[in-house]
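Enquirer: The structure's right below; bear with me while I get my questions together.
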Amino acid sequence: MKLLVINAGSSSVKFQVFEMTNDLVLVSGLIEKIGEESSEIKFELHKAGENNSVRIAEPIKNHKEALQKVAEILLDKENQIIENKEEIKAVGHRVVHGGEKFKETVIINEEVKAMIKELSSLAPLHNPPNLQGIVVATEVFPEAKQVAVFDTAFHQTMPPKAYRYAIPNKLYEEYGIRAYGMHGTSHRFVANEAARFLDSNTLKLITIHLGNGCSMAAVKEGECIDTTMGLTPLAGLVMGTRGGDIDPGVLIHLGSKYNLSIAEIDKILNKESGLKGLTGLNDMRDVLELKEKGNIQATLALEVYTYRIKKYIGSYSAVLGGLDAIIFTAGVGENSPFIRDASCEGMEFLGIQIDNSKNNVRKKGVRIISKEESKVKVLVIPTNEELEIARQTFSIVK
Ligand code: ADP
């Protein structure tokens with residue numbers, strides 16, 4: 001069965017076609033700068049034994065045109081992906097916020113669309129373009145089942161003691177103010193891969209997703225019981241441009257003493273904090289390079305970044321009541337031995353022992369970087385959110 005996976009952003013559409021059940025990617029691509037003159041279409045064909053990259057500069061007016069372009073690419077005889085649109089049996093959509101309503105993947109109908117729209121207040125930058133992707137995919141692929149895979153769904157198993165904030169009940173009951181968590185599709189994917197790799201379904205895991213956005217999850221027997229992001233993606237770990245946990249009093253202080261507006265505080269917290277705030281640079285590679293040159297600010301930023309991860313490893317070991325494995329994933333987690341080592345350093349008392357001869361080796365795929373005798377296994381597992389969306393979609397339409 002062939003499935004199309006769509007991740008629609010405000011000015012971009014990412015797409016992949018999978019052949020299930022064998023997880024085969026036939027094509028993956030990205031349409032960027034939709035609505036601008038300089039839009040660009042990039043895609044890669046993954047035919048047996050060869051990878052072909054194609055890049056086309058072409059103005060794409062809107063998401064509908066973008067999806068029509070995707071259909072053209074899939075139907076192009078030379079690309080050998082599909083002969084007619086009906087071969088795409090389902091389209092799996094990434095949807096960022098499913099609130100409390102969506103605890104799992106669902107087939108999209110009018111009611112689901114209305115709920116996604118309603119939940120836009122919780123994810124104003126993400127849910128509207130995700131919904132737009134759904135609407136245009138339905139027009140362009142009318143025969144396919146449309147499926148929504150929510151980033152928040154994996155975290156819906158958290159107990160109230162983990163997701164409730166100690167603020168007036170009314171704010172939860174009337175406005176839905178609670179922790180929802182993000183990156184759920186990635187945490188679910190790597191937790192499942194770890195269970196398969198370690199051949200056990202009863203594991204106590206900590207999954208650490210370190211990309212531009214960063215979050216951790218405590219996962220017990222495949223279910224999330226706590227996570228670091230909250231109502232919004234601002235909570236928890238230090239990220240590229242977001243600082244993570246902060247005393248909320250700081251915001252009141254900035255407003256009352258320095259007259260900063262909500263818009264200014266929003267900009268500081270979302271765009272000017274994290275690695276960027278501490279070093280002026282948001283890309284981890286650049287910050288690591290600065291540290292290598294002896295830069296004091298970069299050294300401090302990396303200390304704050306890894307200290308926060310270490311604190312959550314400690315606290316999640318406590319809430320899990322033990323720990324079998326730690327999993328590092330996403331851009332930083334998959335590629336930086338320094339960050340992995342510094343985040344786990346000094347935790348031998350918990351049974352965590354990294355083997356730096358393994359940690360420093362660059363390798364693709366799932367791998368163990370802890371010592372043979374380490375009670376807690378430390379793993380690097382490349383995340384693959386698109387594949388997880390394809391698997392979820394397949395499991396509901398097959
Ligand atoms: P996104 O959250 O946008 O999907 P990624 O998972 O691709 O992002 O992660 C991006 C981050 O990964 C950037 O901060 C980048 O610097 C970092 N990164 C990529 N490669 C390396 C590397 N070799 N060493 C350290 N950090 C890296």
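Here, A, B, ... name the chains of the structure tokens in the order displayed, residue numbers run from 1 inside each chain, and ligands are numbered from 1 in the same displayed order.
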Running DSSP on the backbone, which parts of range 4-178 of chain A land in helix (DSSP H, G or I), as a count of residues only?
Expert: 62
Enquirer: As a JSON list (two decimals) with N, CA and C atoms, in the first residue's frame, please: every protein or nucleic acid residue near ligand 1 (cut-off 6 Å, counting only C-alpha atoms and all ligand atoms).
Expert:
[["chain", "number", "residue", "atom", "x", "y", "z"],
["A", 211, "GLY", "N", 16.76, 18.87, 19.08],
["A", 211, "GLY", "CA", 16.85, 19.46, 17.74],
["A", 211, "GLY", "C", 16.97, 20.96, 17.91],
["A", 212, "ASN", "N", 16.29, 21.72, 17.03],
["A", 212, "ASN", "CA", 16.19, 23.16, 17.31],
["A", 212, "ASN", "C", 15.31, 23.35, 18.54],
["A", 213, "GLY", "N", 14.19, 22.61, 18.56],
["A", 213, "GLY", "CA", 13.39, 22.51, 19.76],
["A", 213, "GLY", "C", 13.87, 21.28, 20.52],
["A", 283, "ASP", "N", 22.59, 27.93, 16.46],
["A", 283, "ASP", "CA", 22.91, 26.61, 15.90],
["A", 283, "ASP", "C", 23.96, 25.92, 16.79],
["A", 284, "MET", "N", 23.65, 24.71, 17.22],
["A", 284, "MET", "CA", 24.54, 24.01, 18.15],
["A", 284, "MET", "C", 25.95, 23.84, 17.58],
["A", 285, "ARG", "N", 26.05, 23.58, 16.26],
["A", 285, "ARG", "CA", 27.39, 23.40, 15.68],
["A", 285, "ARG", "C", 28.25, 24.65, 15.89],
["A", 330, "ALA", "N", 17.47, 13.24, 17.42],
["A", 330, "ALA", "CA", 17.37, 14.52, 16.67],
["A", 330, "ALA", "C", 18.76, 15.13, 16.46],
["A", 331, "GLY", "N", 18.80, 16.25, 15.71],
["A", 331, "GLY", "CA", 20.06, 16.83, 15.21],
["A", 331, "GLY", "C", 21.21, 16.82, 16.21],
["A", 332, "VAL", "N", 20.99, 17.39, 17.39],
["A", 332, "VAL", "CA", 22.06, 17.45, 18.39],
["A", 332, "VAL", "C", 22.26, 16.08, 19.04],
["A", 335, "ASN", "N", 24.09, 13.67, 16.84],
["A", 335, "ASN", "CA", 25.39, 14.05, 16.27],
["A", 335, "ASN", "C", 26.44, 14.61, 17.23],
["A", 336, "SER", "N", 26.06, 14.90, 18.47],
["A", 336, "SER", "CA", 27.06, 15.53, 19.33],
["A", 336, "SER", "C", 27.49, 14.64, 20.51]]
Enquirer: Where does range 355-381 of chain A meet range 197-201 of chain A within 10 Å, residue by residue, with the nearest atom pair and distance in Å to one decimal for each, counting only C-alpha atoms, listed by chain and rising number, as a tab-separated table?
Expert:
residue	atom	partner	partner_atom	distance
A:Val366	CA	A:Phe197	CA	8.0
A:Arg367	CA	A:Phe197	CA	9.1
A:Ile368	CA	A:Phe197	CA	9.8
A:Lys377	CA	A:Leu198	CA	9.2
A:Leu379	CA	A:Phe197	CA	9.7
A:Ile381	CA	A:Phe197	CA	9.9
Enquirer: Could you state the separation of CA of Ala194 in chain A and CA of Gly321 in chain A in Å, given to one decimal place?
Expert: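 CA of Ala194 in chain A sits 18.7 Å away from CA of Gly321 in chain A.
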Enquirer: Residues at most 7 Å from Leu3 in chain A, counting only C-alpha atoms, excluding those fewer than 4 positions away in the same chain, as a PyMOL selection string?
Expert: chain A and resi 17-19+88-91+390
Enquirer: Which value, in Å to one decimal, gives the distance between CA of Ala191 in chain A and CA of Met1 in chain A?
Expert: 25.3 Å
